[in-house]
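Novice: Dropping in entry.txt, which is compact mmCIF, C-alpha atoms and all ligand atoms:
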# COMPACT_ATOMS: atom_id res chain seq x y z
CA MET A 1 0.00 0.00 0.00
CA THR A 2 1.23 3.52 -0.78
CA LEU A 3 2.44 5.31 2.32
CA THR A 4 0.91 8.73 2.99
CA VAL A 5 3.24 11.46 4.22
CA LEU A 6 2.04 14.63 5.93
CA LEU A 7 4.07 17.70 4.93
CA THR A 8 3.61 20.56 7.38
CA GLY A 9 4.65 23.74 5.58
CA GLY A 10 4.38 21.76 2.37
CA ALA A 11 3.33 24.79 0.31
CA GLY A 12 6.56 26.60 1.17
CA TYR A 13 9.83 26.72 -0.71
CA ILE A 14 11.50 23.47 0.37
CA GLY A 15 8.22 21.72 1.20
CA SER A 16 6.76 22.20 -2.28
CA HIS A 17 9.86 20.77 -3.98
CA THR A 18 9.88 17.87 -1.53
CA PHE A 19 6.20 17.24 -2.29
CA VAL A 20 7.10 16.80 -5.97
CA ALA A 21 10.06 14.53 -5.16
CA LEU A 22 8.01 12.36 -2.78
CA ARG A 23 5.21 11.95 -5.33
CA ALA A 24 7.75 11.05 -8.03
CA ALA A 25 9.22 8.43 -5.68
CA GLY A 26 5.79 6.81 -5.24
CA TYR A 27 4.73 8.27 -1.90
CA ASP A 28 1.32 9.79 -1.35
CA ALA A 29 1.37 13.21 0.30
CA VAL A 30 -0.92 15.61 2.17
CA ILE A 31 -0.06 19.24 2.90
CA LEU A 32 -0.82 21.25 6.03
CA ASP A 33 0.04 24.93 5.62
CA ASP A 34 -1.35 28.22 6.90
CA PHE A 35 -0.03 30.05 3.80
CA SER A 36 1.55 32.73 6.00
CA ASN A 37 4.63 32.48 3.76
CA ALA A 38 3.32 30.71 0.66
CA ARG A 39 1.34 31.82 -2.36
CA GLN A 40 -2.23 30.61 -2.59
CA ASP A 41 -1.63 29.15 -6.05
CA VAL A 42 1.16 26.75 -5.01
CA PRO A 43 -1.22 23.74 -4.80
CA ASP A 44 -2.47 24.48 -8.36
CA ARG A 45 1.10 24.58 -9.57
CA LEU A 46 1.88 21.32 -7.81
CA GLU A 47 -1.09 19.79 -9.62
CA VAL A 48 0.33 20.92 -12.96
CA ILE A 49 3.76 19.47 -12.12
CA THR A 50 2.54 16.17 -10.68
CA GLY A 51 -0.53 15.75 -12.92
CA ALA A 52 -2.65 14.72 -9.95
CA PRO A 53 -4.92 16.37 -7.37
CA VAL A 54 -3.11 17.87 -4.37
CA ARG A 55 -4.69 17.49 -0.94
CA VAL A 56 -4.22 20.56 1.24
CA HIS A 57 -5.39 21.42 4.74
CA ARG A 58 -5.21 25.15 5.39
CA GLY A 59 -4.45 25.94 9.00
CA ASP A 60 -1.96 26.26 11.79
CA VAL A 61 0.34 23.44 12.88
CA ARG A 62 -0.27 24.51 16.50
CA ASP A 63 -4.00 23.75 16.12
CA ALA A 64 -4.43 20.45 18.00
CA GLY A 65 -7.98 19.97 16.74
CA LEU A 66 -6.95 20.39 13.11
CA LEU A 67 -4.03 17.98 13.55
CA ALA A 68 -6.35 15.38 15.11
CA ARG A 69 -8.76 15.75 12.16
CA ILE A 70 -5.95 15.33 9.63
CA PHE A 71 -4.64 12.17 11.32
CA ALA A 72 -8.21 10.83 11.55
CA GLU A 73 -8.94 11.54 7.89
CA HIS A 74 -5.73 10.15 6.37
CA ARG A 75 -3.65 7.14 7.29
CA ILE A 76 -0.49 9.20 7.85
CA GLY A 77 2.55 6.90 7.92
CA ALA A 78 5.17 9.61 8.36
CA VAL A 79 5.51 13.38 8.76
CA VAL A 80 8.00 15.84 7.28
CA HIS A 81 7.88 18.96 9.44
CA PHE A 82 8.83 22.08 7.49
CA ALA A 83 6.38 24.59 8.99
CA ALA A 84 8.33 27.28 10.80
CA LEU A 85 9.27 30.93 10.79
CA LYS A 86 12.76 31.21 9.31
CA ALA A 87 14.09 34.78 9.09
CA ALA A 88 16.99 35.03 11.54
CA GLY A 89 16.99 38.85 11.58
CA GLU A 90 13.27 39.07 12.23
CA SER A 91 13.59 36.50 15.04
CA VAL A 92 15.69 38.98 17.02
CA ARG A 93 12.73 41.38 17.04
CA ARG A 94 10.01 38.73 17.49
CA PRO A 95 11.56 35.94 19.60
CA LEU A 96 8.27 34.90 21.19
CA ASP A 97 6.59 34.39 17.80
CA TYR A 98 9.52 32.24 16.69
CA ILE A 99 9.43 30.16 19.87
CA ASP A 100 5.66 29.80 19.59
CA VAL A 101 5.50 28.69 15.95
CA ASN A 102 8.72 26.68 15.83
CA VAL A 103 8.84 25.07 19.26
CA THR A 104 5.14 24.97 20.23
CA GLY A 105 4.37 23.84 16.68
CA LEU A 106 6.72 20.87 17.03
CA VAL A 107 5.30 19.93 20.43
CA ALA A 108 1.72 20.05 19.09
CA LEU A 109 2.75 17.88 16.16
CA LEU A 110 4.51 15.33 18.38
CA LYS A 111 1.42 15.04 20.60
CA ALA A 112 -0.83 14.53 17.59
CA MET A 113 1.54 11.93 16.15
CA ARG A 114 1.64 10.03 19.41
CA ALA A 115 -2.16 10.07 19.71
CA ALA A 116 -2.45 8.74 16.16
CA GLY A 117 0.29 6.13 16.55
CA CYS A 118 2.50 7.74 13.91
CA GLY A 119 6.17 7.35 14.83
CA ARG A 120 8.20 8.47 11.82
CA LEU A 121 9.29 12.11 11.58
CA VAL A 122 11.70 14.01 9.32
CA PHE A 123 12.58 17.39 10.81
CA SER A 124 13.86 20.51 8.99
CA SER A 125 16.88 21.63 10.92
CA SER A 126 19.61 23.95 9.77
CA ALA A 127 23.33 24.62 9.67
CA THR A 128 22.43 27.47 12.01
CA VAL A 129 22.66 24.93 14.89
CA TYR A 130 26.47 24.98 14.42
CA GLY A 131 26.61 28.68 15.41
CA THR A 132 30.10 29.77 14.37
CA PRO A 133 31.71 26.50 13.27
CA GLU A 134 35.24 25.91 14.50
CA VAL A 135 35.99 23.06 12.10
CA LEU A 136 35.41 23.31 8.33
CA PRO A 137 33.87 21.50 6.59
CA VAL A 138 31.55 21.07 9.57
CA PRO A 139 30.64 17.49 10.59
CA GLU A 140 27.44 16.51 12.41
CA THR A 141 29.49 15.88 15.55
CA ALA A 142 30.52 19.55 15.82
CA PRO A 143 29.38 21.40 18.95
CA ARG A 144 26.02 23.08 18.63
CA GLY A 145 25.09 26.64 19.48
CA TYR A 146 23.02 29.54 18.28
CA ALA A 147 23.47 33.17 17.37
CA ASN A 148 19.85 34.38 17.31
CA PRO A 149 16.35 33.30 18.46
CA TYR A 150 15.73 31.45 15.18
CA GLY A 151 18.85 29.34 15.75
CA PHE A 152 17.78 28.86 19.35
CA THR A 153 14.44 27.40 18.22
CA LYS A 154 16.09 24.96 15.80
CA LEU A 155 18.52 23.80 18.49
CA ALA A 156 15.68 23.56 21.03
CA CYS A 157 13.65 21.46 18.57
CA GLU A 158 16.58 19.10 18.02
CA GLN A 159 16.96 18.68 21.77
CA ILE A 160 13.23 18.18 22.32
CA LEU A 161 13.27 15.50 19.63
CA GLU A 162 16.21 13.76 21.33
CA GLN A 163 14.40 13.71 24.69
CA VAL A 164 11.08 12.55 23.29
CA ALA A 165 12.62 9.87 21.05
CA ALA A 166 14.74 8.57 23.95
CA ALA A 167 11.54 8.00 25.97
CA ASP A 168 9.50 6.53 23.11
CA PRO A 169 10.83 3.47 21.27
CA GLY A 170 8.03 3.91 18.75
CA LEU A 171 9.39 7.25 17.56
CA ALA A 172 12.23 7.49 15.03
CA VAL A 173 13.38 10.92 13.90
CA ALA A 174 15.52 12.08 10.98
CA VAL A 175 17.10 15.46 11.60
CA LEU A 176 18.18 17.11 8.36
CA ARG A 177 20.52 20.06 8.71
CA TYR A 178 20.15 22.08 5.53
CA PHE A 179 22.92 24.35 4.38
CA ASN A 180 21.90 27.11 1.91
CA PRO A 181 19.08 25.98 -0.40
CA VAL A 182 18.76 27.95 -3.64
CA GLY A 183 17.30 27.46 -7.11
CA ALA A 184 13.91 26.35 -8.32
CA HIS A 185 12.09 23.44 -9.93
CA ALA A 186 12.97 22.76 -13.56
CA SER A 187 9.39 23.64 -14.60
CA ALA A 188 9.90 27.20 -13.24
CA LEU A 189 6.43 26.84 -11.65
CA ILE A 190 7.62 26.72 -8.03
CA GLY A 191 10.60 28.37 -6.39
CA GLU A 192 11.63 30.69 -3.61
CA ASP A 193 9.09 33.44 -3.38
CA PRO A 194 9.65 35.67 -0.33
CA GLN A 195 6.43 37.42 0.72
CA ASP A 196 8.26 40.55 1.82
CA PHE A 197 11.83 41.85 2.08
CA PRO A 198 14.37 39.35 0.70
CA ASN A 199 16.81 38.56 3.52
CA ASN A 200 18.84 35.86 1.83
CA LEU A 201 21.52 36.32 -0.77
CA VAL A 202 20.02 34.74 -3.88
CA PRO A 203 16.52 36.25 -3.50
CA TYR A 204 18.19 39.65 -3.09
CA ILE A 205 20.35 39.15 -6.19
CA ALA A 206 17.17 38.17 -8.06
CA GLU A 207 15.62 41.52 -7.11
CA VAL A 208 18.69 43.29 -8.48
CA ALA A 209 18.40 41.27 -11.69
CA LEU A 210 14.72 42.29 -11.98
CA GLY A 211 15.72 45.95 -11.57
CA ARG A 212 13.83 46.33 -8.28
CA ARG A 213 17.01 47.09 -6.31
CA PRO A 214 19.95 49.09 -7.61
CA ALA A 215 22.76 46.80 -6.43
CA LEU A 216 23.60 43.92 -4.14
CA ASN A 217 24.89 45.05 -0.78
CA VAL A 218 27.77 42.70 -0.05
CA PHE A 219 27.86 42.36 3.72
CA GLY A 220 31.57 42.78 4.34
CA GLY A 221 34.57 42.68 2.00
CA ASP A 222 37.13 41.96 4.69
CA TRP A 223 36.26 38.46 5.88
CA PRO A 224 39.16 36.01 6.15
CA THR A 225 38.09 34.22 2.95
CA ARG A 226 39.63 33.96 -0.53
CA ASP A 227 38.02 37.18 -1.82
CA GLY A 228 37.05 38.79 1.48
CA THR A 229 33.32 37.97 1.16
CA GLY A 230 31.31 35.39 3.10
CA VAL A 231 31.43 31.75 1.99
CA ARG A 232 28.45 29.37 2.17
CA ASP A 233 27.51 25.90 0.95
CA TYR A 234 24.70 26.47 -1.56
CA ILE A 235 22.62 23.43 -2.44
CA HIS A 236 20.06 23.15 -5.24
CA VAL A 237 16.58 22.80 -3.76
CA GLU A 238 15.86 19.81 -6.02
CA ASP A 239 18.91 18.02 -4.60
CA LEU A 240 17.71 18.94 -1.12
CA ALA A 241 14.25 17.55 -1.89
CA ARG A 242 15.82 14.29 -3.08
CA GLY A 243 17.70 14.12 0.21
CA HIS A 244 14.34 14.07 2.03
CA VAL A 245 13.16 11.11 -0.03
CA LEU A 246 16.34 9.16 0.76
CA SER A 247 16.15 10.09 4.43
CA LEU A 248 12.48 9.15 4.75
CA THR A 249 13.02 5.87 2.93
CA ARG A 250 15.86 4.93 5.25
CA LEU A 251 13.82 5.93 8.29
CA LEU A 252 10.96 3.70 7.16
CA GLU A 253 13.19 0.78 6.20
CA THR A 254 15.36 0.74 9.32
CA GLY A 255 13.12 2.30 11.98
CA GLU A 256 16.22 4.12 13.16
CA GLY A 257 16.68 7.86 13.36
CA HIS A 258 19.61 9.80 11.93
CA THR A 259 21.05 13.31 11.85
CA VAL A 260 22.71 14.42 8.63
CA ASN A 261 24.00 17.52 6.90
CA LEU A 262 22.47 18.22 3.51
CA GLY A 263 25.01 20.30 1.63
CA THR A 264 27.46 19.91 -1.23
CA GLY A 265 30.74 20.18 0.67
CA ARG A 266 31.78 23.10 -1.59
CA GLY A 267 31.78 26.73 -0.56
CA TYR A 268 31.10 29.76 -2.77
CA SER A 269 31.71 33.37 -1.86
CA VAL A 270 29.15 36.15 -2.23
CA LEU A 271 31.04 37.52 -5.25
CA GLU A 272 31.23 34.05 -6.83
CA MET A 273 27.45 33.65 -6.43
CA LEU A 274 26.88 37.10 -7.90
CA ALA A 275 29.07 36.14 -10.87
CA ALA A 276 27.12 32.88 -11.33
CA TYR A 277 23.80 34.75 -11.25
CA SER A 278 25.17 37.33 -13.69
CA ARG A 279 26.01 34.49 -16.10
CA ALA A 280 22.45 33.18 -15.76
CA VAL A 281 20.98 36.62 -16.50
CA GLY A 282 23.50 37.40 -19.25
CA ARG A 283 24.80 40.68 -17.86
CA GLU A 284 26.94 41.81 -14.99
CA LEU A 285 24.88 42.62 -11.90
CA PRO A 286 26.10 45.55 -9.79
CA HIS A 287 27.21 45.37 -6.16
CA VAL A 288 28.52 47.62 -3.44
CA ILE A 289 30.54 46.59 -0.42
CA ALA A 290 28.46 47.28 2.69
CA PRO A 291 29.23 46.80 6.41
CA ARG A 292 29.19 43.28 7.84
CA ARG A 293 25.78 42.01 8.92
CA PRO A 294 25.52 41.57 12.70
CA GLY A 295 25.78 37.92 13.74
CA ASP A 296 27.28 36.83 10.39
CA VAL A 297 30.11 34.32 10.15
CA ALA A 298 32.90 34.10 7.57
CA GLU A 299 32.41 30.60 6.26
CA VAL A 300 30.01 27.67 6.67
CA VAL A 301 30.51 24.56 4.54
CA ALA A 302 29.08 21.09 5.15
CA ASP A 303 30.94 17.88 5.59
CA PRO A 304 28.56 15.83 3.40
CA SER A 305 30.19 12.44 4.06
CA ARG A 306 27.67 11.08 6.56
CA ALA A 307 24.74 11.77 4.19
CA ALA A 308 26.69 9.99 1.44
CA ALA A 309 27.51 6.96 3.61
CA LEU A 310 24.13 6.64 5.33
CA LEU A 311 21.70 7.74 2.63
CA GLY A 312 23.73 7.48 -0.58
CA PHE A 313 23.05 11.22 -0.95
CA ARG A 314 25.27 13.38 -3.13
CA ALA A 315 24.30 16.80 -4.43
CA GLU A 316 24.46 16.79 -8.22
CA LYS A 317 23.60 20.29 -9.38
CA GLY A 318 26.14 23.11 -9.41
CA VAL A 319 25.81 26.84 -8.84
CA ASP A 320 25.15 27.61 -12.51
CA GLU A 321 22.10 25.34 -12.46
CA MET A 322 21.01 26.86 -9.16
CA CYS A 323 21.19 30.40 -10.51
CA ALA A 324 19.71 29.58 -13.94
CA SER A 325 16.70 27.81 -12.40
CA SER A 326 16.20 30.64 -9.89
CA TRP A 327 16.26 33.20 -12.70
CA ALA A 328 13.87 31.15 -14.85
CA PHE A 329 11.37 31.04 -11.97
CA VAL A 330 11.78 34.65 -10.86
CA SER A 331 11.63 36.19 -14.33
CA ARG A 332 8.63 34.05 -15.30
CA ARG A 333 6.72 35.15 -12.22
CA ALA A 334 7.63 38.80 -12.76
CA ASN A 335 6.38 38.70 -16.36
CA ARG A 336 2.98 37.24 -15.57
P1 LIG B 1 9.05 28.68 3.79
O1 LIG B 1 8.67 29.85 4.62
O2 LIG B 1 9.00 28.82 2.32
O3 LIG B 1 8.14 27.41 4.20
C1 LIG B 1 7.55 27.27 5.46
C2 LIG B 1 6.07 27.01 5.24
O4 LIG B 1 5.45 26.86 6.52
C3 LIG B 1 5.37 28.19 4.55
O5 LIG B 1 4.61 27.69 3.47
C4 LIG B 1 4.48 28.79 5.63
O6 LIG B 1 3.27 29.31 5.08
C5 LIG B 1 4.25 27.60 6.54
N1 LIG B 1 3.97 27.96 7.93
C6 LIG B 1 4.61 28.87 8.70
N2 LIG B 1 4.06 28.91 9.92
C7 LIG B 1 3.08 27.97 9.94
C8 LIG B 1 2.16 27.53 10.93
N3 LIG B 1 2.15 28.07 12.16
N4 LIG B 1 1.29 26.56 10.61
C9 LIG B 1 1.29 26.00 9.36
N5 LIG B 1 2.13 26.39 8.38
C10 LIG B 1 3.02 27.36 8.68
O7 LIG B 1 10.48 28.20 4.29
P2 LIG B 1 11.46 27.10 3.69
O8 LIG B 1 12.65 27.81 3.19
O9 LIG B 1 10.73 26.20 2.77
O10 LIG B 1 11.86 26.36 5.01
C11 LIG B 1 11.28 25.12 5.41
C12 LIG B 1 11.94 24.66 6.68
O11 LIG B 1 13.34 24.53 6.47
C13 LIG B 1 11.78 25.59 7.88
O12 LIG B 1 11.63 24.81 9.05
C14 LIG B 1 13.11 26.32 7.92
O13 LIG B 1 13.42 26.77 9.22
C15 LIG B 1 14.06 25.24 7.46
N6 LIG B 1 15.30 25.74 6.85
C16 LIG B 1 15.25 26.59 5.79
C17 LIG B 1 16.44 27.07 5.23
C18 LIG B 1 16.44 28.05 4.08
O14 LIG B 1 17.45 28.70 3.85
N7 LIG B 1 15.36 28.18 3.31
C19 LIG B 1 17.67 26.66 5.76
C20 LIG B 1 17.69 25.77 6.83
C21 LIG B 1 16.49 25.32 7.37
N1 LIG B 2 24.75 38.35 1.93
C1 LIG B 2 25.10 39.56 1.36
N2 LIG B 2 24.10 40.42 0.98
C2 LIG B 2 22.78 40.14 1.14
C3 LIG B 2 22.42 38.89 1.72
C4 LIG B 2 23.43 38.03 2.12
O1 LIG B 2 26.29 39.85 1.20
O2 LIG B 2 21.93 40.98 0.78
C5 LIG B 2 25.80 37.39 2.33
C6 LIG B 2 25.82 37.02 3.80
O3 LIG B 2 26.62 37.95 4.52
C7 LIG B 2 26.42 35.62 3.75
C8 LIG B 2 25.89 35.05 2.43
O4 LIG B 2 25.53 36.19 1.63
O5 LIG B 2 27.85 35.68 3.66
C9 LIG B 2 24.67 34.14 2.60
O6 LIG B 2 23.70 34.86 3.34
P1 LIG B 2 22.23 34.25 3.58
O7 LIG B 2 21.50 35.23 4.45
O8 LIG B 2 21.62 33.92 2.26
O9 LIG B 2 22.50 32.87 4.32
P2 LIG B 2 23.11 32.58 5.79
O10 LIG B 2 23.95 33.73 6.20
O11 LIG B 2 21.92 32.39 6.65
O12 LIG B 2 23.92 31.33 5.61
Take the structure I supplied and represent it as structure tokens, if you would.
Ligand code: NAD
Ligand code: UDP

Specialist:
Amino acid sequence: MTLTVLLTGGAGYIGSHTFVALRAAGYDAVILDDFSNARQDVPDRLEVITGAPVRVHRGDVRDAGLLARIFAEHRIGAVVHFAALKAAGESVRRPLDYIDVNVTGLVALLKAMRAAGCGRLVFSSSATVYGTPEVLPVPETAPRGYANPYGFTKLACEQILEQVAAADPGLAVAVLRYFNPVGAHASALIGEDPQDFPNNLVPYIAEVALGRRPALNVFGGDWPTRDGTGVRDYIHVEDLARGHVLSLTRLLETGEGHTVNLGTGRGYSVLEMLAAYSRAVGRELPHVIAPRRPGDVAEVVADPSRAAALLGFRAEKGVDEMCASSWAFVSRRANR
């Protein structure tokens, strides 16, 4: 029988791509999303991509009654929990909202899963739990920390999951620590679509490419990196989505949890990403060197070896594909 997976936050950026990858791998999927950071037409687009109806429950992951109804209506065999607030800068101003959605949301979900007898969970964590990494590339065994309330919530969720799983032999949890997801689906129908100010690098560069911002502000030109700008491990969102399928499949086959980095193991600087995006657009995009962003770190790159050994996961798409697919999505949406 086909296993049904609940995707909380499944209409969002990573969730929507994972929905497509799970369906392609033969899983059934149901979305729960409050659309606070997703366009209303994402389910329609997912129907075009997958060629099948998309089942969506609109509501809040903290709503115990709604969760109970979803588990009663569908035979949910596993959950992938994406739903969260994710803007680190905003979390400094609104810590309570971040704690409420991210931590209370997880607790509500765990209670609903336990009541329904569902014991398989894939959790969206982040490289942010490494704080300022001392060892590069950073392995999963590195010490954890946080630099802002968002990072605090992701670390708190990991620790809550450890405590709850230790007490419940029926619960197995996969913790996926994403590095920097960028790019869009090959159809250009879904992609990263910030509802308001673009905080992350590639969405900001896209705004420059669309002519909505005059130039990229490069946050610091004096970092101890090869060109003085910050280095990150950018991973194509379709590779990331595939990582979820491999992780979920292992979780279901073994009944054992795991914690893995999902990155490429290669770092690119801000200027290298700007150059890659400029190639995708076909003209040089302007930048200015601006002050460092508070709380930023020089370099974060994944050690991807555990994901390779445990899941057989290797990122396949490079930065040119990431930028070209982002531009295809962004320019298509802007021209509609
Ligand atoms: P996103 O904002 O596009 O997706 C999150 C989805 O959750 C959105 O569709 C939003 O409407 C929904 N949502 C938010 N609050 C909700 C609530 N209370 N109830 C129900 N739905 C709610 O973000 P994303 O980039 O797809 O991130 C998905 C997950 O991955 C998040 O947990 C995020 O913290 C984590 N993550 C993201 C990145 C990144 O750079 N994008 C990196 C590391 C980890
Ligand atoms: N960055 C930048 N200008 C921007 C946004 C980001 O120079 O407008 C830099 C940032 O300092 C970091 C890199 O781009 O070195 C990635 O930033 P992002 O916020 O996308 O990811 P994170 O810092 O959370 O890894």

Novice: Pick out the residues sitting within 10 Å of segment 332-336 of chain A, and hand them over as a PDB file with C-alpha atoms, in the coordinates of the input; count all atoms listed in the file, and ignore anything fewer than 6 positions along from it in its own chain.

Specialist:
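What landed in out-v2.pdb:
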ATOM      1  CA  ALA A 188       9.900  27.200 -13.240  1.00  0.00           C
ATOM      2  CA  LEU A 189       6.430  26.840 -11.650  1.00  0.00           C
ATOM      3  CA  ILE A 190       7.620  26.720  -8.030  1.00  0.00           C
ATOM      4  CA  GLY A 191      10.600  28.370  -6.390  1.00  0.00           C
ATOM      5  CA  ASP A 193       9.090  33.440  -3.380  1.00  0.00           C
ATOM      6  CA  LEU A 210      14.720  42.290 -11.980  1.00  0.00           C
ATOM      7  CA  SER A 326      16.200  30.640  -9.890  1.00  0.00           C
TER       8      SER A 326
END

Novice: One decimal, Å: what's the distance from atom C3 of ligand LIG 1 (chain B) over to atom CA of Ile14 of chain A, could you say?

Specialist: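 Distance between the two atoms: 8.8 Å.
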
Novice: All residues within 7 Å of ligand LIG 1 (chain B) are required, counting only C-alpha atoms and all ligand atoms; please report them as a count of residues only.

Specialist: 37

Novice: Can you work out which one of A:Ala309, A:Val80, A:Val301, A:Leu201 has the shortest atom-to-atom distance to ligand LIG 2 (chain B), counting only C-alpha atoms and all ligand atoms?

Specialist: A:Leu201

Novice: Find the residue from A:Leu176, A:Ala156, A:Val107, A:Ala298 that sits nearest to Ala241 of chain A; use only C-alpha atoms when measuring.

Specialist: A:Leu176

Novice: Between A:Leu310, A:Val297, A:Arg212, A:Ala68, single out the one closest to His258 of chain A, counting all atoms listed in the file.

Specialist: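 The answer is A:Leu310, which sits nearest to His258 of chain A.
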
Novice: At a cut-off of 10 Å, using all atoms listed in the file, what residues contact Gly183 of chain A? Leave out same-chain residues fewer than 2 positions from it and give the result as a VMD selection string.

Specialist: chain A and resid 13 181 185 to 186 188 190 to 192 202 to 203 234 to 239 317 319 to 330

Novice: With distances taken over only C-alpha atoms and all ligand atoms, which residue among A:Val281, A:Ile70, A:Ala209, A:Val218 lies nearest ligand LIG 2 (chain B)?

Specialist: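 The closest residue to ligand LIG 2 (chain B) is A:Val218.
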
Novice: Excluding Asp97 of chain A and its own-chain neighbours fewer than 6 positions away, which residues fall within 10 Å of it when counting only C-alpha atoms? Please give them as a list in words.

Specialist: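 Near Asp97 of chain A, the qualifying residues are Leu85, Glu90, Ser91, Val103, Thr104, Pro149 and Tyr150 of chain A.
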
Novice: I'd like the contact shell of Pro286 of chain A - 10 Å cut-off, all atoms listed in the file, skipping same-chain residues fewer than 4 positions apart - returned as an MDAnalysis selection string.

Specialist: chainID A and resid 205 208:209 213:217 274:275 278

Novice: My list of candidates is A:Asn102, A:Thr254, A:Thr229, A:Ser187. Which is closest to Arg45 of chain A when distances are computed with all atoms listed in the file?

Specialist: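 Checking each of A:Asn102, A:Thr254, A:Thr229, A:Ser187 against Arg45 of chain A, counting all atoms listed in the file, the winner is A:Ser187.
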
Novice: Work out how far apart atom CA of Gly255 of chain A and atom CA of Gly170 of chain A are and give it in Å to one decimal.

Specialist: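 Answer for the atom CA of Gly255 of chain A to atom CA of Gly170 of chain A separation: 8.6 Å.
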
Novice: Please provide as a ChimeraX atom specification all residues within 9 Å of Asn148 of chain A, with the sequence filter that same-chain residues fewer than 3 positions apart are discarded (counting all atoms listed in the file).

Specialist: /A:88-89,91-92,95,151-153,295

Novice: Produce a file of the selected residues containing C-alpha atoms, as an mmCIF file, keeping the file's coordinate frame.

Specialist:
data_model
loop_
_atom_site.group_PDB
_atom_site.id
_atom_site.type_symbol
_atom_site.label_atom_id
_atom_site.label_comp_id
_atom_site.auth_asym_id
_atom_site.auth_seq_id
_atom_site.Cartn_x
_atom_site.Cartn_y
_atom_site.Cartn_z
ATOM 1 C CA ALA A 88 16.990 35.030 11.540
ATOM 2 C CA GLY A 89 16.990 38.850 11.580
ATOM 3 C CA SER A 91 13.590 36.500 15.040
ATOM 4 C CA VAL A 92 15.690 38.980 17.020
ATOM 5 C CA PRO A 95 11.560 35.940 19.600
ATOM 6 C CA GLY A 151 18.850 29.340 15.750
ATOM 7 C CA PHE A 152 17.780 28.860 19.350
ATOM 8 C CA THR A 153 14.440 27.400 18.220
ATOM 9 C CA GLY A 295 25.780 37.920 13.740
#

Novice: Return the single residue from A:Thr264, A:Arg250, A:Ala87, A:Leu171 that is closest to ligand LIG 2 (chain B), with distances computed using only C-alpha atoms and all ligand atoms.

Specialist: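 That would be A:Ala87, the residue with the smallest distance to ligand LIG 2 (chain B).
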
Novice: At what distance in Å, to one decimal, does atom CA of Leu155 of chain A lie from atom CA of Val135 of chain A?

Specialist: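 Separation between atom CA of Val135 of chain A and atom CA of Leu155 of chain A: 18.6 Å.
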
Novice: Kindly compute an axis-aligned box around the listed atoms of segment 187-204 of chain A, allowing 8 Å on each side, and express its centre and edge lengths in Å to one decimal as lines of an AutoDock Vina configuration file.

Specialist:
center_x = 14.0
center_y = 32.7
center_z = -5.5
size_x = 31.1
size_y = 34.2
size_z = 34.1

Novice: Output segment 96-107 of chain A with N, CA and C atoms present, as a compact mmCIF listing (two decimals), in the frame of the given file.

Specialist:
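The file below, part-v3.txt, is the result:
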# COMPACT_ATOMS: atom_id res chain seq x y z
N LEU A 96 9.38 35.71 20.67
CA LEU A 96 8.27 34.90 21.19
C LEU A 96 7.49 34.24 20.04
N ASP A 97 7.30 34.99 18.95
CA ASP A 97 6.59 34.39 17.80
C ASP A 97 7.37 33.20 17.25
N TYR A 98 8.70 33.34 17.21
CA TYR A 98 9.52 32.24 16.69
C TYR A 98 9.45 31.02 17.61
N ILE A 99 9.51 31.28 18.91
CA ILE A 99 9.43 30.16 19.87
C ILE A 99 8.06 29.51 19.76
N ASP A 100 7.03 30.34 19.63
CA ASP A 100 5.66 29.80 19.59
C ASP A 100 5.46 28.93 18.35
N VAL A 101 5.75 29.47 17.17
CA VAL A 101 5.50 28.69 15.95
C VAL A 101 6.46 27.49 15.87
N ASN A 102 7.74 27.74 16.10
CA ASN A 102 8.72 26.68 15.83
C ASN A 102 8.75 25.61 16.93
N VAL A 103 8.73 26.04 18.17
CA VAL A 103 8.84 25.07 19.26
C VAL A 103 7.45 24.53 19.65
N THR A 104 6.49 25.43 19.90
CA THR A 104 5.14 24.97 20.23
C THR A 104 4.56 24.16 19.08
N GLY A 105 4.86 24.57 17.85
CA GLY A 105 4.37 23.84 16.68
C GLY A 105 4.88 22.41 16.68
N LEU A 106 6.16 22.24 16.99
CA LEU A 106 6.72 20.87 17.03
C LEU A 106 6.07 20.05 18.14
N VAL A 107 5.89 20.67 19.30
CA VAL A 107 5.30 19.93 20.43
C VAL A 107 3.87 19.50 20.08
